[in-house]
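One structure is given here, and the rest of the page talks about it.
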Amino acid sequence: MLLDLSEEHKEHLAFLPRVESAVVAEFGRIAVEFLRRGSNPKVYEGAARKLSVSSDTVQHGVEGLTYLLTESSKLMISELDFQDSVFVLGFSEELNKLLLQLYLDNRKEIRTILSELAPDLPSYHNLEWRLDVQLASRCLRQQIKPAVTIKLHLNQNGDHSSKVLQTDPATLLHLVQQLEQALEEMKTNHCRRVVRNIK
Amino acid sequence: MELSEGVQRGFQLLGDPGAFGPGAFALVLRAAFRSLLGAQADEAVLDHPDLKHIDPVVLKHCHAAAATCILEAGKQRADKSTLSSYLEDCKFDRERIELFCTEYQNNKNSLETLLGSIGRSLPHITDVSWRLAYQIKTNQLHKMHRPAYLVTLNTESTDSGSQPEISFSCTMEQLQDMVGKLKDASKSLERATQL
């Protein structure tokens with residue numbers, strides 16, 4: 001599968017052959033850093049001064065590179081497809097190799113970052129538990145009522161939340177049994193067939 | 001067992017053969033248990049031909065006093081001897097003491113269950129449901145190819161209005177972690193019951 005690069009995108013990337021490989025590598029590093037942490041316009045100004053070009057040009061160059069990397073990572077295109085996609089830009093072989101290396105080195109991390117953009121439900125983080133026995137309450141003395149108190153830690157969009165819940169011994173055993181069945185499901189023939197056939 | 005003056009007076013009046021004959025006493029006693037333990041509030045619980053001759057205010061007072069006494073006995077987990085001595089102090093005759101203790105014994109379990117269920121507690125997990133999906137792609141990321149679980153815990157809460165369901169997603173490893181920890185808890189529970 002080849003990447004479809006728009007004319008505007010190709011224009012932005014046209015800046016790359018005009019600078020040295022070391023600078024392109026640096027742009028690549030900046031692009032990935034911006035994906036991790038968010039963009040920082042000041043970096044563009046510094047680079048623009050050093051290279052004697054407008055900061056807009058630098059920004060477009062970095063953004064073009066970022067888009068190239070994210071699209072390639074998103075589609076998980078093969079090495080060959082990446083090389084063929086970049087070939088249309090008419091860059092030198094050295095630059096093509098550099099871009100390919102940049103793609104392969106950062107692909108995994110970029111995919112991890114992209115996966116965080118998906119519509120999100122709270123996800124499991126950790127579970128703490130405690131055994132309690134209720135001995136008395138305002139309405140009834142001399143009780144022996146066992147309970148399991150659970151603190152469930154969840155993550156959503158970077159926010160940590162925790163819920164404190166309780167359950168009785170019978171329900172606890174029921175929970176374990178049900179969730180073990182859930183885990184077993186992945187090992188059934190049906191699921192294995194699906195996994196094998198979706199590529 | 002300590003009860004307020006008003007309650008004590010009402011209860012003693014109930015035991016007085018002059019105010020309540022044996023039939024009336026039994027009816028009021030059973031009505032008190034029914035009011036406390038019946039599934040639905042029954043407004044006509046004291047509507048009985050054999051109670052018509054008693055002043056309704058007195059009837060209500062004694063019925064309420066009996067109910068209060070029953071609740072207090074249930075709360076304190078009073079045994080037969082405690083009950084008997086309290087009833088003796090209230091000047092109940094032998095027959096009425098026997099009747100009260102028998103009725104109390106018959107209703108003891110329901111009473112204790114009712115009292116035990118009153119009170120604030122944390123949201124209580126009642127059930128779990130799960131869904132297994134195989135993630136293929138999102139609009140940001142293609143070719144994902146990994147299993148994902150969606151787990152929903154159903155909870156019950158004393159203040160109804162708070163969230164009855166907690167849903168979260170997890171990977172296979174995370175679910176294994178969670179199940180492992182829950183199994184630790186249940187093993188600890190087993191060990192604790194064997195002590």
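Letters A, B, ... mark the chains of the structure tokens in the order given; residue numbers begin at 1 per chain; ligand numbers begin at 1, in order shown.
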
Once you count only C-alpha atoms, which residues of chain A turn out to be within 8 Å of chain B? Could you give them as a PyMOL selection string? chain A and resi 73-76+111+114-115+117-118+121-131+137-142+148+154+164-167+169+171-176+178-180+182-183+195+198-199

Residue list (strand (DSSP E or B), DSSP) for segment 66-169 of chain B, as a ChimeraX atom specification: /B:124-135,146-156,160,162,165-169

Residue subset to file, keeping N, CA, C and O atoms, as a short mmCIF file (atom, residue, chain, number, x, y, z; two decimals), in the first residue's frame:
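Written output follows (selection-v1.cif):
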data_model
loop_
_atom_site.label_atom_id
_atom_site.label_comp_id
_atom_site.auth_asym_id
_atom_site.auth_seq_id
_atom_site.Cartn_x
_atom_site.Cartn_y
_atom_site.Cartn_z
N HIS B 124 -21.92 -2.15 46.70
CA HIS B 124 -21.70 -3.59 46.83
C HIS B 124 -21.76 -4.25 45.45
O HIS B 124 -22.74 -4.11 44.75
N ILE B 125 -20.71 -4.97 45.09
CA ILE B 125 -20.69 -5.62 43.78
C ILE B 125 -21.63 -6.81 43.80
O ILE B 125 -21.54 -7.67 44.68
N THR B 126 -22.53 -6.87 42.83
CA THR B 126 -23.46 -8.00 42.80
C THR B 126 -23.20 -8.95 41.65
O THR B 126 -23.52 -10.12 41.72
N ASP B 127 -22.63 -8.43 40.56
CA ASP B 127 -22.42 -9.30 39.40
C ASP B 127 -21.38 -8.69 38.48
O ASP B 127 -21.04 -7.52 38.60
N VAL B 128 -20.89 -9.52 37.57
CA VAL B 128 -19.93 -9.02 36.59
C VAL B 128 -20.34 -9.53 35.22
O VAL B 128 -20.82 -10.66 35.07
N SER B 129 -20.21 -8.69 34.18
CA SER B 129 -20.37 -9.20 32.82
C SER B 129 -19.15 -8.77 32.03
O SER B 129 -18.50 -7.77 32.35
N TRP B 130 -18.84 -9.54 31.01
CA TRP B 130 -17.64 -9.24 30.23
C TRP B 130 -17.92 -9.42 28.76
O TRP B 130 -18.85 -10.09 28.35
N ARG B 131 -17.07 -8.76 27.96
CA ARG B 131 -17.19 -8.86 26.51
C ARG B 131 -15.79 -8.95 25.94
O ARG B 131 -14.91 -8.19 26.33
N LEU B 132 -15.59 -9.89 25.06
CA LEU B 132 -14.28 -10.04 24.44
C LEU B 132 -14.37 -9.56 23.01
O LEU B 132 -15.25 -9.99 22.25
N ALA B 133 -13.49 -8.62 22.63
CA ALA B 133 -13.49 -8.11 21.27
C ALA B 133 -12.08 -8.22 20.71
O ALA B 133 -11.11 -8.28 21.47
N TYR B 134 -12.00 -8.25 19.39
CA TYR B 134 -10.69 -8.30 18.75
C TYR B 134 -10.53 -6.99 18.00
O TYR B 134 -11.27 -6.72 17.06
N GLN B 135 -9.58 -6.16 18.44
CA GLN B 135 -9.44 -4.84 17.85
C GLN B 135 -8.69 -4.92 16.55
O GLN B 135 -7.57 -5.44 16.50
N ARG B 146 -5.40 -7.02 18.28
CA ARG B 146 -5.17 -7.53 19.63
C ARG B 146 -6.51 -7.68 20.34
O ARG B 146 -7.46 -6.95 20.08
N PRO B 147 -6.59 -8.65 21.28
CA PRO B 147 -7.84 -8.85 22.00
C PRO B 147 -8.03 -7.76 23.05
O PRO B 147 -7.05 -7.24 23.59
N ALA B 148 -9.28 -7.38 23.28
CA ALA B 148 -9.57 -6.39 24.32
C ALA B 148 -10.82 -6.82 25.06
O ALA B 148 -11.79 -7.27 24.45
N TYR B 149 -10.79 -6.71 26.37
CA TYR B 149 -11.93 -7.09 27.18
C TYR B 149 -12.64 -5.84 27.68
O TYR B 149 -11.99 -4.83 27.97
N LEU B 150 -13.97 -5.92 27.75
CA LEU B 150 -14.74 -4.87 28.40
C LEU B 150 -15.45 -5.53 29.58
O LEU B 150 -16.21 -6.47 29.39
N VAL B 151 -15.15 -5.06 30.78
CA VAL B 151 -15.72 -5.68 31.97
C VAL B 151 -16.67 -4.69 32.64
O VAL B 151 -16.35 -3.51 32.78
N THR B 152 -17.85 -5.19 33.03
CA THR B 152 -18.81 -4.32 33.72
C THR B 152 -19.14 -4.93 35.07
O THR B 152 -19.54 -6.09 35.14
N LEU B 153 -18.96 -4.16 36.13
CA LEU B 153 -19.32 -4.62 37.47
C LEU B 153 -20.66 -4.00 37.83
O LEU B 153 -20.81 -2.78 37.78
N ASN B 154 -21.64 -4.84 38.18
CA ASN B 154 -22.93 -4.31 38.63
C ASN B 154 -22.86 -4.10 40.12
O ASN B 154 -22.42 -4.99 40.86
N THR B 155 -23.28 -2.92 40.56
CA THR B 155 -23.22 -2.67 42.00
C THR B 155 -24.58 -2.22 42.52
O THR B 155 -25.42 -1.74 41.78
N GLU B 156 -24.73 -2.41 43.81
CA GLU B 156 -25.94 -1.96 44.51
C GLU B 156 -25.47 -1.01 45.58
O GLU B 156 -24.44 -1.25 46.22
N SER B 160 -29.43 4.90 46.61
CA SER B 160 -29.64 4.65 45.17
C SER B 160 -29.61 5.98 44.46
O SER B 160 -30.25 6.93 44.87
N SER B 162 -26.42 6.74 43.03
CA SER B 162 -25.03 6.64 42.57
C SER B 162 -24.94 5.53 41.53
O SER B 162 -25.81 4.69 41.41
N GLU B 165 -23.32 0.88 37.74
CA GLU B 165 -22.45 0.05 36.90
C GLU B 165 -21.09 0.68 36.72
O GLU B 165 -21.01 1.89 36.49
N ILE B 166 -20.06 -0.12 36.84
CA ILE B 166 -18.72 0.41 36.59
C ILE B 166 -18.15 -0.39 35.42
O ILE B 166 -18.00 -1.60 35.52
N SER B 167 -17.84 0.31 34.33
CA SER B 167 -17.29 -0.39 33.16
C SER B 167 -15.88 0.07 32.90
O SER B 167 -15.56 1.23 33.06
N PHE B 168 -15.06 -0.87 32.50
CA PHE B 168 -13.70 -0.50 32.12
C PHE B 168 -13.17 -1.51 31.11
O PHE B 168 -13.67 -2.64 31.02
N SER B 169 -12.17 -1.08 30.36
CA SER B 169 -11.58 -1.97 29.37
C SER B 169 -10.26 -2.49 29.92
O SER B 169 -9.65 -1.87 30.79
#

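Note that the spacing between atom CA of Asp159 of chain A and atom CA of Val32 of chain A amounts to 23.3 Å.
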
From the list B:Gly15, B:Gly6, B:Pro49, B:Pro56, which residue is nearest Leu29 of chain B when using only C-alpha atoms?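 Residue with the minimum atom-to-atom distance to Leu29 of chain B: B:Gly15.
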
Members of segment 49-113 of chain A assigned helix (DSSP H, G or I) by DSSP, as a PyMOL selection string: chain A and resi 49-51+55-75+79-87+93-113

Would you mind exporting N, CA and C atoms of the selected residues as a compact mmCIF listing (two decimals), in the first residue's frame?
# COMPACT_ATOMS: atom_id res chain seq x y z
N ARG A 49 16.83 30.58 12.26
CA ARG A 49 17.96 31.54 12.28
C ARG A 49 19.23 30.87 11.84
N LYS A 50 19.48 29.64 12.38
CA LYS A 50 20.74 28.95 12.06
C LYS A 50 20.82 28.61 10.58
N LEU A 51 19.64 28.31 9.98
CA LEU A 51 19.66 27.87 8.58
C LEU A 51 19.41 29.01 7.60
N SER A 55 10.97 30.90 9.58
CA SER A 55 10.56 29.86 10.53
C SER A 55 9.37 29.08 9.98
N ASP A 56 8.59 29.70 9.11
CA ASP A 56 7.47 28.98 8.48
C ASP A 56 7.98 27.78 7.68
N THR A 57 9.06 28.01 6.95
CA THR A 57 9.63 26.92 6.14
C THR A 57 10.05 25.76 7.02
N VAL A 58 10.73 26.12 8.12
CA VAL A 58 11.17 25.07 9.05
C VAL A 58 9.96 24.33 9.61
N GLN A 59 8.95 25.11 9.98
CA GLN A 59 7.75 24.48 10.57
C GLN A 59 7.11 23.52 9.59
N HIS A 60 6.97 23.97 8.34
CA HIS A 60 6.36 23.11 7.33
C HIS A 60 7.18 21.85 7.12
N GLY A 61 8.50 22.02 7.12
CA GLY A 61 9.37 20.87 6.93
C GLY A 61 9.17 19.83 8.02
N VAL A 62 9.18 20.33 9.26
CA VAL A 62 9.01 19.41 10.40
C VAL A 62 7.63 18.78 10.39
N GLU A 63 6.62 19.60 10.10
CA GLU A 63 5.25 19.07 10.10
C GLU A 63 5.07 18.06 8.98
N GLY A 64 5.66 18.33 7.83
CA GLY A 64 5.58 17.38 6.72
C GLY A 64 6.20 16.06 7.10
N LEU A 65 7.35 16.15 7.78
CA LEU A 65 8.03 14.95 8.21
C LEU A 65 7.18 14.19 9.24
N THR A 66 6.57 14.96 10.15
CA THR A 66 5.71 14.34 11.18
C THR A 66 4.56 13.58 10.53
N TYR A 67 3.92 14.26 9.55
CA TYR A 67 2.76 13.62 8.90
C TYR A 67 3.20 12.35 8.15
N LEU A 68 4.37 12.45 7.50
CA LEU A 68 4.88 11.28 6.78
C LEU A 68 5.05 10.11 7.75
N LEU A 69 5.65 10.40 8.89
CA LEU A 69 5.91 9.34 9.87
C LEU A 69 4.61 8.78 10.47
N THR A 70 3.68 9.69 10.83
CA THR A 70 2.45 9.19 11.47
C THR A 70 1.60 8.39 10.49
N GLU A 71 1.48 8.86 9.25
CA GLU A 71 0.67 8.11 8.28
C GLU A 71 1.28 6.74 8.02
N SER A 72 2.58 6.69 7.86
CA SER A 72 3.24 5.40 7.61
C SER A 72 3.06 4.47 8.79
N SER A 73 3.20 5.00 10.01
CA SER A 73 3.06 4.17 11.21
C SER A 73 1.63 3.71 11.37
N LYS A 74 0.70 4.62 11.10
CA LYS A 74 -0.72 4.27 11.27
C LYS A 74 -1.09 3.09 10.37
N LEU A 75 -0.63 3.14 9.09
CA LEU A 75 -1.00 2.09 8.14
C LEU A 75 -0.08 0.90 8.24
N GLU A 79 8.48 -1.82 4.46
CA GLU A 79 9.68 -1.07 4.06
C GLU A 79 9.62 -0.69 2.59
N LEU A 80 9.27 -1.71 1.80
CA LEU A 80 9.24 -1.52 0.35
C LEU A 80 8.23 -0.44 -0.04
N ASP A 81 7.06 -0.52 0.56
CA ASP A 81 6.03 0.46 0.25
C ASP A 81 6.46 1.85 0.67
N PHE A 82 7.14 1.94 1.81
CA PHE A 82 7.61 3.25 2.26
C PHE A 82 8.60 3.82 1.27
N GLN A 83 9.55 2.97 0.85
CA GLN A 83 10.56 3.44 -0.10
C GLN A 83 9.93 3.91 -1.40
N ASP A 84 8.95 3.12 -1.87
CA ASP A 84 8.27 3.50 -3.12
C ASP A 84 7.50 4.80 -2.97
N SER A 85 6.88 5.00 -1.80
CA SER A 85 6.11 6.23 -1.58
C SER A 85 7.02 7.44 -1.58
N VAL A 86 8.18 7.29 -0.97
CA VAL A 86 9.11 8.42 -0.85
C VAL A 86 9.83 8.68 -2.17
N PHE A 87 9.94 7.63 -2.96
CA PHE A 87 10.65 7.73 -4.25
C PHE A 87 10.09 8.84 -5.13
N GLU A 93 19.39 9.23 -2.77
CA GLU A 93 19.30 7.91 -2.14
C GLU A 93 19.64 7.98 -0.67
N GLU A 94 20.59 8.85 -0.34
CA GLU A 94 21.02 8.99 1.06
C GLU A 94 19.84 9.48 1.91
N LEU A 95 19.11 10.49 1.36
CA LEU A 95 17.98 11.04 2.10
C LEU A 95 16.88 9.99 2.25
N ASN A 96 16.64 9.22 1.17
CA ASN A 96 15.62 8.16 1.24
C ASN A 96 15.94 7.16 2.33
N LYS A 97 17.23 6.78 2.37
CA LYS A 97 17.64 5.80 3.40
C LYS A 97 17.44 6.37 4.78
N LEU A 98 17.78 7.64 4.93
CA LEU A 98 17.63 8.30 6.24
C LEU A 98 16.16 8.30 6.68
N LEU A 99 15.27 8.64 5.72
CA LEU A 99 13.85 8.69 6.06
C LEU A 99 13.33 7.30 6.44
N LEU A 100 13.78 6.28 5.70
CA LEU A 100 13.35 4.92 6.00
C LEU A 100 13.78 4.51 7.40
N GLN A 101 15.03 4.87 7.73
CA GLN A 101 15.55 4.51 9.05
C GLN A 101 14.75 5.21 10.15
N LEU A 102 14.44 6.47 9.87
CA LEU A 102 13.64 7.25 10.82
C LEU A 102 12.30 6.58 11.06
N TYR A 103 11.69 6.10 9.97
CA TYR A 103 10.39 5.43 10.06
C TYR A 103 10.50 4.16 10.90
N LEU A 104 11.48 3.31 10.55
CA LEU A 104 11.59 2.02 11.23
C LEU A 104 11.94 2.18 12.70
N ASP A 105 12.80 3.16 13.00
CA ASP A 105 13.21 3.34 14.39
C ASP A 105 12.07 3.80 15.28
N ASN A 106 11.19 4.63 14.73
CA ASN A 106 10.19 5.27 15.59
C ASN A 106 8.79 4.72 15.44
N ARG A 107 8.64 3.77 14.53
CA ARG A 107 7.30 3.27 14.23
C ARG A 107 6.55 2.78 15.46
N LYS A 108 7.21 1.96 16.25
CA LYS A 108 6.53 1.34 17.40
C LYS A 108 6.04 2.40 18.39
N GLU A 109 6.92 3.36 18.66
CA GLU A 109 6.55 4.38 19.64
C GLU A 109 5.41 5.24 19.12
N ILE A 110 5.48 5.59 17.83
CA ILE A 110 4.43 6.42 17.26
C ILE A 110 3.09 5.69 17.31
N ARG A 111 3.11 4.39 17.06
CA ARG A 111 1.86 3.61 17.12
C ARG A 111 1.29 3.61 18.53
N THR A 112 2.19 3.54 19.53
CA THR A 112 1.71 3.59 20.91
C THR A 112 1.04 4.93 21.19
N ILE A 113 1.66 6.01 20.72
CA ILE A 113 1.07 7.33 20.94
C ILE A 113 -0.28 7.43 20.23

What's around Thr102 of chain B at 12 Å? Count only C-alpha atoms, leave out sequence neighbours fewer than 3 positions away in its own chain, and write the answer as an MDAnalysis selection string. chainID B and resid 26 29:30 79:80 83:84 95:99 105:108

Expected file: the selected residues, N, CA, C and O atoms, as an mmCIF file, in the first residue's frame:
data_model
loop_
_atom_site.group_PDB
_atom_site.id
_atom_site.type_symbol
_atom_site.label_atom_id
_atom_site.label_comp_id
_atom_site.auth_asym_id
_atom_site.auth_seq_id
_atom_site.Cartn_x
_atom_site.Cartn_y
_atom_site.Cartn_z
ATOM 1 N N ALA B 26 -52.726 -11.250 72.157
ATOM 2 C CA ALA B 26 -52.109 -12.029 71.076
ATOM 3 C C ALA B 26 -52.230 -11.304 69.744
ATOM 4 O O ALA B 26 -51.297 -11.269 68.939
ATOM 5 N N LEU B 29 -49.840 -8.365 69.617
ATOM 6 C CA LEU B 29 -48.469 -8.866 69.497
ATOM 7 C C LEU B 29 -48.161 -9.285 68.059
ATOM 8 O O LEU B 29 -47.146 -8.889 67.478
ATOM 9 N N ARG B 30 -49.076 -10.063 67.486
ATOM 10 C CA ARG B 30 -48.834 -10.548 66.114
ATOM 11 C C ARG B 30 -48.847 -9.378 65.123
ATOM 12 O O ARG B 30 -48.090 -9.359 64.176
ATOM 13 N N ASP B 79 -31.364 -12.974 74.491
ATOM 14 C CA ASP B 79 -31.695 -14.401 74.581
ATOM 15 C C ASP B 79 -32.949 -14.573 75.428
ATOM 16 O O ASP B 79 -33.480 -13.609 75.987
ATOM 17 N N LYS B 80 -33.409 -15.822 75.525
ATOM 18 C CA LYS B 80 -34.696 -16.073 76.181
ATOM 19 C C LYS B 80 -34.718 -15.564 77.620
ATOM 20 O O LYS B 80 -35.716 -14.981 78.070
ATOM 21 N N LEU B 83 -35.045 -11.745 77.838
ATOM 22 C CA LEU B 83 -36.407 -11.373 77.479
ATOM 23 C C LEU B 83 -37.370 -11.657 78.621
ATOM 24 O O LEU B 83 -38.152 -10.807 79.027
ATOM 25 N N SER B 84 -37.292 -12.895 79.154
ATOM 26 C CA SER B 84 -38.214 -13.304 80.214
ATOM 27 C C SER B 84 -38.108 -12.373 81.407
ATOM 28 O O SER B 84 -39.122 -11.926 81.942
ATOM 29 N N GLU B 95 -48.229 -16.838 81.071
ATOM 30 C CA GLU B 95 -48.766 -17.193 79.745
ATOM 31 C C GLU B 95 -48.308 -16.191 78.689
ATOM 32 O O GLU B 95 -47.887 -16.564 77.603
ATOM 33 N N ARG B 96 -48.409 -14.902 79.028
ATOM 34 C CA ARG B 96 -48.041 -13.869 78.055
ATOM 35 C C ARG B 96 -46.549 -13.899 77.769
ATOM 36 O O ARG B 96 -46.128 -13.648 76.634
ATOM 37 N N ILE B 97 -45.758 -14.197 78.811
ATOM 38 C CA ILE B 97 -44.304 -14.296 78.603
ATOM 39 C C ILE B 97 -44.002 -15.418 77.606
ATOM 40 O O ILE B 97 -43.222 -15.252 76.658
ATOM 41 N N GLU B 98 -44.664 -16.561 77.807
ATOM 42 C CA GLU B 98 -44.440 -17.700 76.902
ATOM 43 C C GLU B 98 -44.802 -17.344 75.474
ATOM 44 O O GLU B 98 -44.057 -17.635 74.532
ATOM 45 N N LEU B 99 -45.956 -16.692 75.319
ATOM 46 C CA LEU B 99 -46.434 -16.339 73.983
ATOM 47 C C LEU B 99 -45.450 -15.386 73.299
ATOM 48 O O LEU B 99 -45.079 -15.567 72.138
ATOM 49 N N GLN B 105 -39.151 -16.020 68.984
ATOM 50 C CA GLN B 105 -38.275 -17.064 68.460
ATOM 51 C C GLN B 105 -38.600 -17.367 66.997
ATOM 52 O O GLN B 105 -37.707 -17.531 66.173
ATOM 53 N N ASN B 106 -39.896 -17.418 66.683
ATOM 54 C CA ASN B 106 -40.303 -17.715 65.308
ATOM 55 C C ASN B 106 -39.857 -16.649 64.326
ATOM 56 O O ASN B 106 -39.579 -16.947 63.166
ATOM 57 N N ASN B 107 -39.818 -15.403 64.783
ATOM 58 C CA ASN B 107 -39.507 -14.304 63.873
ATOM 59 C C ASN B 107 -38.081 -13.788 63.993
ATOM 60 O O ASN B 107 -37.697 -12.842 63.324
ATOM 61 N N LYS B 108 -37.291 -14.425 64.845
ATOM 62 C CA LYS B 108 -35.952 -13.931 65.167
ATOM 63 C C LYS B 108 -35.091 -13.758 63.923
ATOM 64 O O LYS B 108 -34.466 -12.713 63.722
#

Quick one, how far is atom CA of His53 of chain B from atom CA of Ala31 of chain B?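 So the two atoms, atom CA of His53 of chain B and atom CA of Ala31 of chain B, lie 16.6 Å apart.
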
Residues within 9 Å of Ile144 of chain A, only C-alpha atoms, excluding chain neighbours under 5 positions, as a PyMOL selection string: chain A and resi 133-136

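Across the structure, atom CA of Ala44 of chain B and atom CA of Val57 of chain B are spaced 14.7 Å apart.
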